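Text of work_10.cif (mmCIF, C-alpha atoms and all ligand atoms) as supplied:
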```cif
data_structure
#
loop_
_atom_site.label_atom_id
_atom_site.label_comp_id
_atom_site.auth_asym_id
_atom_site.auth_seq_id
_atom_site.Cartn_x
_atom_site.Cartn_y
_atom_site.Cartn_z
CA MET F 1 151.81 118.60 85.51
CA LYS F 2 151.33 115.24 87.22
CA THR F 3 150.03 112.37 85.12
CA VAL F 4 147.12 110.27 86.34
CA SER F 5 146.49 106.88 84.74
CA ILE F 6 143.11 105.19 84.81
CA VAL F 7 143.20 101.45 84.15
CA ILE F 8 140.00 99.75 83.00
CA PRO F 9 139.78 95.97 82.36
CA ILE F 10 137.32 94.97 79.67
CA PHE F 11 135.94 91.51 78.98
CA ASN F 12 133.01 91.20 76.58
CA GLU F 13 131.56 94.57 77.47
CA ASP F 14 130.37 95.78 74.06
CA PRO F 15 127.02 97.16 75.27
CA ILE F 16 128.92 99.42 77.61
CA ILE F 17 131.90 100.82 75.71
CA ASP F 18 130.21 103.94 74.31
CA ILE F 19 128.46 104.68 77.61
CA LEU F 20 131.77 104.22 79.42
CA VAL F 21 133.76 106.54 77.17
CA ALA F 22 131.04 109.21 77.36
CA ALA F 23 130.84 108.90 81.15
CA LEU F 24 134.63 109.18 81.48
CA GLU F 25 134.66 112.37 79.41
CA GLU F 26 131.75 113.95 81.19
CA ARG F 27 132.12 112.82 84.77
CA LEU F 28 135.89 112.61 85.11
CA LEU F 29 138.21 113.92 82.40
CA SER F 30 136.44 117.29 82.16
CA LYS F 31 137.12 117.77 85.88
CA LEU F 32 140.72 116.54 85.86
CA THR F 33 142.08 119.81 84.51
CA ALA F 34 144.87 119.97 87.06
CA TYR F 35 146.34 116.70 85.79
CA ASN F 36 147.50 115.13 82.61
CA PRO F 37 145.13 112.14 82.25
CA GLU F 38 145.77 108.79 80.59
CA VAL F 39 143.12 106.08 80.24
CA ILE F 40 144.32 102.53 79.61
CA PHE F 41 141.75 100.02 78.42
CA VAL F 42 142.87 96.42 78.77
CA ASP F 43 140.86 94.12 76.53
CA ASP F 44 141.10 90.77 78.28
CA GLY F 45 140.56 88.62 75.18
CA SER F 46 136.98 89.66 74.48
CA SER F 47 135.13 87.55 71.92
CA ASP F 48 132.51 90.19 71.14
CA ASN F 49 133.01 93.58 69.50
CA SER F 50 134.65 95.26 72.50
CA PHE F 51 138.04 95.62 70.83
CA GLU F 52 136.63 97.14 67.63
CA LEU F 53 134.50 99.58 69.63
CA LEU F 54 137.44 100.52 71.82
CA SER F 55 139.74 100.97 68.81
CA ARG F 56 137.26 103.42 67.38
CA ALA F 57 136.95 105.24 70.69
CA VAL F 58 140.70 105.67 71.18
CA GLN F 59 141.37 106.71 67.59
CA ASP F 60 142.75 110.24 67.30
CA ASP F 61 142.73 110.76 71.06
CA PRO F 62 146.17 110.24 72.59
CA ARG F 63 144.72 110.36 76.12
CA PHE F 64 143.15 106.94 75.49
CA LYS F 65 145.35 103.88 75.18
CA LEU F 66 144.38 100.34 74.41
CA VAL F 67 146.01 96.98 75.11
CA ARG F 68 144.67 93.68 73.89
CA PHE F 69 145.49 90.29 75.38
CA SER F 70 145.89 87.33 73.04
CA ARG F 71 143.16 85.52 75.01
CA ASN F 72 141.26 85.80 78.27
CA PHE F 73 143.70 85.84 81.19
CA GLY F 74 141.27 87.01 83.84
CA HIS F 75 140.37 90.22 85.60
CA GLN F 76 143.27 90.21 88.06
CA LEU F 77 145.92 89.86 85.34
CA ALA F 78 144.15 92.44 83.17
CA ILE F 79 144.45 95.06 85.91
CA THR F 80 148.03 93.93 86.58
CA ALA F 81 148.93 94.54 82.92
CA GLY F 82 147.25 97.95 82.99
CA MET F 83 149.20 98.94 86.07
CA ASP F 84 152.46 97.66 84.51
CA LEU F 85 151.93 99.80 81.43
CA ALA F 86 150.69 102.94 83.16
CA SER F 87 152.97 105.96 83.08
CA GLY F 88 151.11 107.99 85.72
CA ASP F 89 152.35 109.38 89.00
CA ALA F 90 149.13 107.97 90.38
CA ILE F 91 147.37 104.92 88.94
CA ILE F 92 143.68 104.22 89.39
CA VAL F 93 141.92 100.94 88.67
CA MET F 94 138.19 100.94 87.99
CA ASP F 95 135.67 98.51 86.47
CA ALA F 96 134.27 99.06 83.01
CA ASP F 97 130.64 98.67 84.03
CA LEU F 98 130.47 102.01 85.91
CA GLN F 99 129.76 100.27 89.20
CA ASP F 100 132.63 102.38 90.47
CA PRO F 101 131.43 105.98 90.10
CA PRO F 102 134.09 108.06 88.28
CA GLU F 103 133.48 111.08 90.58
CA VAL F 104 134.93 109.14 93.53
CA ILE F 105 138.31 109.27 91.75
CA LEU F 106 138.43 113.00 92.52
CA GLU F 107 138.21 112.14 96.23
CA PHE F 108 140.96 109.53 95.78
CA LEU F 109 143.18 112.21 94.26
CA GLU F 110 142.57 114.57 97.19
CA LYS F 111 143.74 111.87 99.61
CA TRP F 112 146.73 111.14 97.41
CA GLU F 113 147.67 114.82 97.44
CA GLU F 114 147.45 114.65 101.25
CA GLY F 115 150.22 112.08 101.14
CA TYR F 116 148.53 108.67 101.08
CA HIS F 117 150.15 106.09 98.80
CA VAL F 118 147.10 103.86 98.46
CA VAL F 119 143.49 105.05 98.49
CA TYR F 120 140.85 102.35 98.16
CA GLY F 121 137.09 102.56 97.81
CA VAL F 122 135.05 101.00 100.60
CA ARG F 123 131.59 99.89 99.53
CA ARG F 124 128.95 101.40 101.73
CA ARG F 125 126.04 100.12 99.69
CA ARG F 126 125.89 97.94 96.62
CA ALA F 127 123.04 98.46 94.20
CA GLY F 128 121.80 95.86 91.75
CA GLU F 129 123.55 92.80 93.20
CA SER F 130 121.81 89.54 94.03
CA THR F 131 121.23 88.67 97.69
CA PHE F 132 123.43 85.64 97.09
CA LYS F 133 126.35 87.81 95.95
CA LEU F 134 125.91 90.22 98.84
CA VAL F 135 125.81 87.47 101.47
CA THR F 136 128.68 85.42 100.01
CA ALA F 137 130.83 88.55 99.57
CA LYS F 138 130.17 89.69 103.11
CA TRP F 139 131.14 86.32 104.58
CA PHE F 140 134.04 85.82 102.24
CA TYR F 141 135.79 89.02 103.35
CA ARG F 142 135.25 88.21 107.00
CA ILE F 143 136.46 84.61 106.75
CA LEU F 144 139.47 85.78 104.76
CA SER F 145 140.40 88.31 107.39
CA ALA F 146 140.04 85.65 110.11
CA LEU F 147 142.36 83.35 108.14
CA THR F 148 145.11 85.86 107.42
CA ASN F 149 147.22 88.05 109.60
CA ILE F 150 147.75 90.86 107.16
CA ASP F 151 145.18 93.59 107.23
CA ILE F 152 143.08 93.30 104.08
CA PRO F 153 140.29 95.88 104.42
CA VAL F 154 136.81 94.33 104.25
CA ASP F 155 134.23 95.33 101.62
CA THR F 156 136.94 96.63 99.32
CA GLY F 157 137.27 95.66 95.68
CA ASP F 158 139.83 96.66 93.08
CA PHE F 159 138.62 100.25 92.82
CA ARG F 160 141.63 102.12 94.13
CA LEU F 161 144.40 104.60 93.54
CA ILE F 162 148.03 103.66 94.00
CA ASP F 163 151.07 105.87 93.91
CA ARG F 164 153.72 105.15 91.30
CA GLN F 165 156.05 103.92 94.05
CA VAL F 166 153.48 101.29 95.09
CA ARG F 167 153.06 100.25 91.47
CA ASP F 168 156.81 99.75 91.15
CA ALA F 169 156.80 97.59 94.27
CA TYR F 170 153.79 95.65 92.94
CA GLY F 171 155.72 95.08 89.71
CA GLN F 172 158.22 92.95 91.61
CA ILE F 173 155.50 90.45 92.48
CA ARG F 174 155.19 87.81 89.79
CA GLU F 175 152.36 85.60 91.00
CA HIS F 176 150.31 83.78 88.41
CA ASN F 177 147.06 83.92 90.32
CA PRO F 178 147.44 87.30 91.98
CA TYR F 179 144.85 88.43 94.46
CA VAL F 180 145.54 92.07 93.70
CA ARG F 181 143.70 93.77 96.54
CA GLY F 182 145.39 91.52 99.08
CA LEU F 183 148.83 92.03 97.57
CA ILE F 184 148.42 95.80 97.65
CA SER F 185 147.59 95.59 101.37
CA TRP F 186 150.55 93.30 101.88
CA LEU F 187 152.87 95.89 100.31
CA GLY F 188 152.22 98.31 103.14
CA PHE F 189 152.77 102.06 102.58
CA ARG F 190 150.29 104.66 103.81
CA GLN F 191 146.82 103.43 102.99
CA THR F 192 143.36 104.83 103.53
CA GLY F 193 139.78 104.15 102.45
CA VAL F 194 137.08 106.35 100.95
CA PRO F 195 133.48 105.16 101.45
CA TYR F 196 131.24 105.14 98.36
CA ASP F 197 127.98 103.70 97.13
CA ARG F 198 128.52 101.07 94.49
CA ALA F 199 126.15 101.55 91.56
CA ALA F 200 124.41 98.84 89.58
CA ARG F 201 125.99 97.68 86.33
CA ALA F 202 125.31 100.22 83.56
CA ALA F 203 124.62 97.45 81.01
CA GLY F 204 125.53 93.84 80.26
CA ILE F 205 125.93 91.01 82.76
CA THR F 206 128.48 90.09 85.41
CA LYS F 207 131.63 88.30 84.21
CA TYR F 208 132.00 86.58 87.59
CA PRO F 209 129.75 83.52 87.57
CA LEU F 210 129.78 81.22 90.61
CA LEU F 211 132.72 79.05 89.52
CA ARG F 212 134.93 82.08 88.93
CA MET F 213 133.94 83.47 92.30
CA ILE F 214 135.00 80.20 93.93
CA LYS F 215 138.35 80.22 92.11
CA PHE F 216 138.85 83.83 93.13
CA ALA F 217 138.10 83.00 96.78
CA LEU F 218 140.54 80.06 96.70
CA ASP F 219 143.25 82.27 95.17
CA ALA F 220 142.70 84.80 97.92
CA ILE F 221 142.90 82.27 100.73
CA THR F 222 145.82 80.26 99.38
CA SER F 223 147.76 83.46 98.63
CA PHE F 224 147.74 84.59 102.19
CA SER F 225 147.08 81.72 104.55
CA VAL F 226 148.21 78.22 105.44
CA ILE F 227 145.54 77.89 108.11
CA PRO F 228 143.51 75.45 105.93
CA LEU F 229 146.56 73.14 105.99
CA ARG F 230 146.80 73.45 109.76
CA LEU F 231 143.11 72.62 109.99
CA CYS F 232 143.87 69.37 108.17
CA THR F 233 146.51 68.57 110.76
CA VAL F 234 144.25 69.42 113.67
CA THR F 235 141.31 67.47 112.25
CA GLY F 236 143.58 64.51 111.57
CA PHE F 237 144.88 64.62 115.11
CA ALA F 238 141.39 64.85 116.62
CA MET F 239 140.33 61.88 114.51
CA LEU F 240 143.35 59.91 115.69
CA ILE F 241 142.24 60.37 119.30
CA VAL F 242 138.72 59.26 118.43
CA CYS F 243 140.25 56.24 116.69
CA LEU F 244 142.32 55.28 119.71
CA ALA F 245 139.20 55.39 121.90
CA GLY F 246 137.37 53.25 119.35
CA ILE F 247 140.19 50.72 119.16
CA GLY F 248 140.20 50.49 122.97
CA TYR F 249 136.47 49.87 123.07
CA PHE F 250 136.45 47.17 120.41
CA LEU F 251 139.44 45.35 121.90
CA TYR F 252 137.79 45.43 125.33
CA ALA F 253 134.54 44.09 123.93
CA LYS F 254 136.31 41.29 122.10
CA LEU F 255 138.94 40.20 124.64
CA VAL F 256 137.50 41.04 128.04
CA ALA F 257 133.74 41.25 127.81
CA GLN F 258 133.74 38.48 125.17
CA SER F 259 130.65 40.07 123.70
CA ILE F 260 129.85 39.81 120.04
CA VAL F 261 130.44 43.20 118.52
CA PRO F 262 127.67 44.17 116.10
CA GLY F 263 130.06 45.41 113.48
CA MET F 264 128.31 46.40 110.27
CA THR F 265 126.98 49.85 111.18
CA ALA F 266 130.14 50.89 112.96
CA THR F 267 132.32 49.71 110.07
CA VAL F 268 130.33 51.55 107.44
CA ILE F 269 130.19 54.77 109.46
CA ILE F 270 133.91 54.72 110.20
CA LEU F 271 134.79 53.94 106.61
CA LEU F 272 132.64 56.65 105.06
CA PHE F 273 133.51 59.27 107.63
CA PHE F 274 137.22 58.79 107.35
CA ALA F 275 137.12 58.59 103.58
CA GLY F 276 135.36 61.97 103.61
CA VAL F 277 137.80 63.57 106.02
CA GLN F 278 140.81 62.23 104.14
CA LEU F 279 139.64 63.25 100.70
CA THR F 280 138.79 66.74 101.93
CA ALA F 281 142.23 67.09 103.47
CA MET F 282 143.85 65.85 100.26
CA GLY F 283 141.80 68.32 98.27
CA ILE F 284 143.01 71.19 100.43
CA ILE F 285 146.61 70.07 100.08
CA GLY F 286 145.99 69.69 96.34
CA GLU F 287 144.91 73.33 96.03
CA TYR F 288 148.27 74.43 97.37
CA ILE F 289 150.23 71.93 95.28
CA ALA F 290 148.43 73.02 92.11
CA ARG F 291 149.52 76.58 92.79
CA ILE F 292 153.13 75.53 93.36
CA PHE F 293 152.91 73.66 90.04
CA PHE F 294 151.77 76.72 88.10
CA GLU F 295 154.22 79.07 89.80
CA SER F 296 157.12 76.73 89.03
CA LYS F 297 156.66 76.74 85.27
CA GLY F 298 158.04 80.22 84.70
CA ARG F 299 155.55 81.06 81.97
CA PRO F 300 154.70 84.69 81.26
CA ARG F 301 151.60 85.72 83.14
CA TYR F 302 149.83 87.35 80.22
CA ILE F 303 150.45 87.92 76.53
CA VAL F 304 149.82 91.27 74.88
CA GLN F 305 148.73 90.99 71.25
CA ASP F 306 148.11 94.65 70.33
CA LYS F 307 148.90 98.05 71.75
CA VAL F 308 147.32 101.25 70.50
CA ASN F 309 148.53 104.81 71.26
CA PHE F 310 151.54 103.76 73.33
CA GLU F 311 154.65 105.76 72.57
CA ALA F 312 157.79 103.68 72.74
CA GLU F 313 157.80 99.93 72.32
CA THR F 314 158.32 98.46 75.75
CA ASP F 315 158.57 94.88 76.82
CA THR F 316 155.02 94.04 77.82
CA THR F 317 155.09 90.32 78.29
CA ARG F 318 155.68 89.37 81.85
N1 LIG P 401 136.81 91.38 83.59
C1 LIG P 401 137.97 91.07 82.90
N2 LIG P 401 138.29 89.76 82.68
C2 LIG P 401 137.52 88.73 83.12
C3 LIG P 401 136.35 89.05 83.86
C4 LIG P 401 136.03 90.38 84.09
O1 LIG P 401 138.71 91.97 82.48
O2 LIG P 401 137.88 87.58 82.88
C5 LIG P 401 136.46 92.80 83.84
C6 LIG P 401 135.05 93.21 83.46
O3 LIG P 401 134.96 93.57 82.11
C7 LIG P 401 134.81 94.37 84.41
C8 LIG P 401 135.61 93.99 85.64
O4 LIG P 401 136.55 93.02 85.21
O5 LIG P 401 135.33 95.58 83.91
C9 LIG P 401 134.75 93.44 86.76
O6 LIG P 401 133.94 92.40 86.28
P1 LIG P 401 132.38 92.30 86.63
O7 LIG P 401 131.77 93.67 86.61
O8 LIG P 401 131.77 91.31 85.71
O9 LIG P 401 132.43 91.73 88.11
P2 LIG P 401 131.38 92.04 89.28
O10 LIG P 401 131.31 93.53 89.40
O11 LIG P 401 130.09 91.45 88.84
O12 LIG P 401 131.98 91.38 90.47
MG MG P 402 130.84 94.79 87.94
#
```
Since I need it in another form, could you write the structure as structure tokens?
Amino acid sequence: MKTVSIVIPIFNEDPIIDILVAALEERLLSKLTAYNPEVIFVDDGSSDNSFELLSRAVQDDPRFKLVRFSRNFGHQLAITAGMDLASGDAIIVMDADLQDPPEVILEFLEKWEEGYHVVYGVRRRRAGESTFKLVTAKWFYRILSALTNIDIPVDTGDFRLIDRQVRDAYGQIREHNPYVRGLISWLGFRQTGVPYDRAARAAGITKYPLLRMIKFALDAITSFSVIPLRLCTVTGFAMLIVCLAGIGYFLYAKLVAQSIVPGMTATVIILLFFAGVQLTAMGIIGEYIARIFFESKGRPRYIVQDKVNFEAETDTTR
């Protein structure tokens, strides 16, 4: 029988754990009779009772496994760890908050059986999200696809199935700020999407406040594009041409027309404008340099503190 692994990242989700486990039993595991299921919860350094609740839930049930990080390493590394540890022939990643309906996984498996290596969920509708999140997400995916030349499907999150072969290829990537959905697209293989309606959160609040969303967007862009750097070059060059015209004008006024140049306004505008352009360009360059800095350290990407219900001891720090 083929094994199917379901990876679920958890960060401070204690109001949801019992609902989640019940929903998995009822809406998914009871229907997965043709497979040998394995559910891997990755506790991403929760500071609430998530780990205790999960420990209780996985007790005496070898289908459920639990990994605990030594601290919060972030959603993308939590799903990376879950994929690393999965033993399935197919590996599915879903959120803990039941925004990704478990039934859709059955459709993913049908596509996988048809021979697709990657099956991702495409959000048709998203319930219970703020207008701000909907608008920023919509624009983010479109800007990202304009900036990159690999085909990252729009309106797709981390809810997906990957074949074991894709997981093994993903395991060779050792980026510290991985943009998982982009990297999976980058890997290639036969990929397809399944449309679904994204539900509202079953309980609790989002773990992606604005600042994390911005970091996530920057990781995505810097992972796959150097166009922002080119924009700095192009802007700089355009400014240089404007400068040359300005220099010509002021020299003409001074030397030929002998007119008194009223300088204050022009000076202030030029100074402020160029300071703004230069600092922005330096900031963009800085984003890339910061990422080189972190990649160059060779630190492990995440640290596993506890593992429950895993068979053999494997090296899990990478
Ligand atoms: N999550 C995580 N680590 C984090 C932040 C989030 O493991 O640092 C998990 C979270 O518990 C959830 C999933 O990632 O299972 C998606 O997070 P959330 O639902 O808050 O994001 P949203 O759906 O609001 O974008
Ligand atoms: Mg969510």
message: Measuring between all atoms listed in the file, which one of F:Ala96, F:Ile79, F:Ile10, F:Ile270 shows the shortest distance to ligand MG 402 (chain P)?
response: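 Ranking F:Ala96, F:Ile79, F:Ile10, F:Ile270 by distance to ligand MG 402 (chain P), first place goes to F:Ala96.
Considering the residues F:Val268, F:Ala200, F:Leu211, F:Ala290 and counting all atoms listed in the file, ligand LIG 401 (chain P) has its shortest atom-to-atom contact with F:Ala200.
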- request: Considering all atoms listed in the file, state which residue in the set F:Thr206, F:Ser130, F:Ser185, F:Asn36 is at the smallest distance from ligand LIG 401 (chain P).
  value: F:Thr206
statement: Shortest contact to Met94 of chain F, candidates F:Pro9, F:Pro37, F:Gly128, F:Pro178, atoms counted only C-alpha atoms, goes to F:Pro9
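Distances here use only C-alpha atoms and all ligand atoms; by that measure, the residue among F:Pro101, F:Pro62, F:Pro209, F:Pro153 closest to ligand LIG 401 (chain P) is F:Pro209.
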message: ligand MG 402 (chain P): which residues are within 6 Å, counting all atoms listed in the file? Reply as JSON, numbers by chain.
response: {"F": [97, 99, 201, 206]}
- prompt: Do you have the atom CA of Ser87 of chain F-atom CA of Trp112 of chain F distance handy?
  reply: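 Interatomic distance, atom CA of Ser87 of chain F to atom CA of Trp112 of chain F: 16.5 Å.
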Select from chain F every residue with an atom at most 10 Å from any atom of ligand LIG 401 (chain P), then for each give the shortest pair of atoms and their distance in Å to one decimal, using all atoms listed in the file, rows by chain and rising number, as a Markdown table.
```
| residue | atom | partner | partner_atom | distance |
| --- | --- | --- | --- | --- |
| F:Val7 | CA | P:LIG401 | O5 | 9.8 |
| F:Ile8 | CA | P:LIG401 | O5 | 6.3 |
| F:Pro9 | CA | P:LIG401 | O1 | 4.1 |
| F:Ile10 | CA | P:LIG401 | O3 | 3.7 |
| F:Phe11 | CA | P:LIG401 | O3 | 3.9 |
| F:Asn12 | CA | P:LIG401 | O3 | 6.3 |
| F:Glu13 | CA | P:LIG401 | O3 | 5.8 |
| F:Asp14 | CA | P:LIG401 | O3 | 9.5 |
| F:Ile16 | CA | P:LIG401 | O3 | 9.5 |
| F:Phe41 | CA | P:LIG401 | O1 | 9.5 |
| F:Val42 | CA | P:LIG401 | O1 | 7.1 |
| F:Asp43 | CA | P:LIG401 | O1 | 6.7 |
| F:Asp44 | CA | P:LIG401 | O1 | 5.0 |
| F:Gly45 | CA | P:LIG401 | N2 | 7.9 |
| F:Ser46 | CA | P:LIG401 | N2 | 8.3 |
| F:Ser50 | CA | P:LIG401 | O3 | 9.8 |
| F:Phe69 | CA | P:LIG401 | O1 | 10.0 |
| F:Arg71 | CA | P:LIG401 | O2 | 9.7 |
| F:Asn72 | CA | P:LIG401 | O2 | 6.0 |
| F:Phe73 | CA | P:LIG401 | O2 | 6.3 |
| F:Gly74 | CA | P:LIG401 | O2 | 3.6 |
| F:His75 | CA | P:LIG401 | N2 | 3.6 |
| F:Gln76 | CA | P:LIG401 | N2 | 7.3 |
| F:Leu77 | CA | P:LIG401 | O1 | 8.0 |
| F:Ala78 | CA | P:LIG401 | O1 | 5.5 |
| F:Ile79 | CA | P:LIG401 | O1 | 7.4 |
| F:Val93 | CA | P:LIG401 | O5 | 9.7 |
| F:Met94 | CA | P:LIG401 | O5 | 7.3 |
| F:Asp95 | CA | P:LIG401 | O5 | 3.9 |
| F:Ala96 | CA | P:LIG401 | O5 | 3.7 |
| F:Asp97 | CA | P:LIG401 | O5 | 5.6 |
| F:Leu98 | CA | P:LIG401 | O5 | 8.3 |
| F:Gln99 | CA | P:LIG401 | O10 | 6.9 |
| F:Asp100 | CA | P:LIG401 | O10 | 9.0 |
| F:Gly128 | CA | P:LIG401 | O11 | 9.8 |
| F:Glu129 | CA | P:LIG401 | O11 | 8.0 |
| F:Ser130 | CA | P:LIG401 | O11 | 10.0 |
| F:Lys133 | CA | P:LIG401 | O12 | 8.6 |
| F:Ala137 | CA | P:LIG401 | O12 | 9.6 |
| F:Gly157 | CA | P:LIG401 | O12 | 8.6 |
| F:Asp158 | CA | P:LIG401 | C9 | 8.7 |
| F:Phe159 | CA | P:LIG401 | C9 | 9.9 |
| F:Arg198 | CA | P:LIG401 | O10 | 9.5 |
| F:Ala199 | CA | P:LIG401 | O10 | 9.8 |
| F:Ala200 | CA | P:LIG401 | O10 | 8.7 |
| F:Arg201 | CA | P:LIG401 | O7 | 7.0 |
| F:Ala202 | CA | P:LIG401 | O7 | 9.7 |
| F:Ala203 | CA | P:LIG401 | O7 | 9.8 |
| F:Gly204 | CA | P:LIG401 | O8 | 8.7 |
| F:Ile205 | CA | P:LIG401 | O8 | 6.5 |
| F:Thr206 | CA | P:LIG401 | O8 | 3.5 |
| F:Lys207 | CA | P:LIG401 | O8 | 3.4 |
| F:Tyr208 | CA | P:LIG401 | O8 | 5.1 |
| F:Pro209 | CA | P:LIG401 | O11 | 8.0 |
| F:Arg212 | CA | P:LIG401 | O2 | 8.7 |
| F:Met213 | CA | P:LIG401 | O12 | 8.4 |
```
message: Given all atoms listed in the file as the basis, pick out the residue of F:Leu66, F:Ile241, F:Leu271, F:Ala169 nearest to Phe51 of chain F.
response: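 The closest residue to Phe51 of chain F is F:Leu66.
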- prompt: Got a sec: who's within 10 Å of Val166 of chain F, counting only C-alpha atoms, leaving out chain neighbours fewer than 3 positions off, as number ranges by chain?
  reply: F: 90-91, 117-118, 161-163, 169-171, 184, 187-190
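Neighbouring residues of segment 242-256 of chain F at 12 Å or closer, counting all atoms listed in the file and skipping chain neighbours under 3 positions away, are Thr235, Gly236, Phe237, Ala238, Met239, Ser259, Ile260, Val261, Pro262, Gly263, Ala266, Thr267, Ile270, Leu271, Phe273 and Phe274 of chain F.
For Asp60 of chain F, the residues within 9 Å (counting only C-alpha atoms, excluding itself and residues fewer than 4 positions away along the chain) are F:Arg56, F:Phe64, F:Asn309.
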Residues at most 12 Å from segment 144-148 of chain F, counting only C-alpha atoms, excluding those fewer than 5 positions away in the same chain, as an mmCIF file with C-alpha atoms, in the frame of the given file?
```cif
data_model
loop_
_atom_site.group_PDB
_atom_site.id
_atom_site.type_symbol
_atom_site.label_atom_id
_atom_site.label_comp_id
_atom_site.auth_asym_id
_atom_site.auth_seq_id
_atom_site.Cartn_x
_atom_site.Cartn_y
_atom_site.Cartn_z
ATOM 1 C CA THR F 136 128.680 85.420 100.010
ATOM 2 C CA ALA F 137 130.830 88.550 99.570
ATOM 3 C CA LYS F 138 130.170 89.690 103.110
ATOM 4 C CA TRP F 139 131.140 86.320 104.580
ATOM 5 C CA PRO F 153 140.290 95.880 104.420
ATOM 6 C CA VAL F 154 136.810 94.330 104.250
ATOM 7 C CA ASP F 155 134.230 95.330 101.620
ATOM 8 C CA TYR F 179 144.850 88.430 94.460
ATOM 9 C CA GLY F 182 145.390 91.520 99.080
ATOM 10 C CA SER F 185 147.590 95.590 101.370
ATOM 11 C CA TRP F 186 150.550 93.300 101.880
ATOM 12 C CA PHE F 216 138.850 83.830 93.130
ATOM 13 C CA ALA F 217 138.100 83.000 96.780
ATOM 14 C CA LEU F 218 140.540 80.060 96.700
ATOM 15 C CA ASP F 219 143.250 82.270 95.170
ATOM 16 C CA ALA F 220 142.700 84.800 97.920
ATOM 17 C CA ILE F 221 142.900 82.270 100.730
ATOM 18 C CA THR F 222 145.820 80.260 99.380
ATOM 19 C CA SER F 223 147.760 83.460 98.630
ATOM 20 C CA PHE F 224 147.740 84.590 102.190
ATOM 21 C CA SER F 225 147.080 81.720 104.550
ATOM 22 C CA VAL F 226 148.210 78.220 105.440
ATOM 23 C CA ILE F 227 145.540 77.890 108.110
ATOM 24 C CA PRO F 228 143.510 75.450 105.930
ATOM 25 C CA LEU F 229 146.560 73.140 105.990
ATOM 26 C CA ARG F 230 146.800 73.450 109.760
ATOM 27 C CA LEU F 231 143.110 72.620 109.990
#
```
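Atom CA of Leu210 of chain F lies 20.5 Å from atom CA of Thr280 of chain F.
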- request: Record the distance separating atom CA of Val4 of chain F and atom CA of Val39 of chain F, expressed in Å with one decimal.
  value: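 A separation of 8.4 Å between them.
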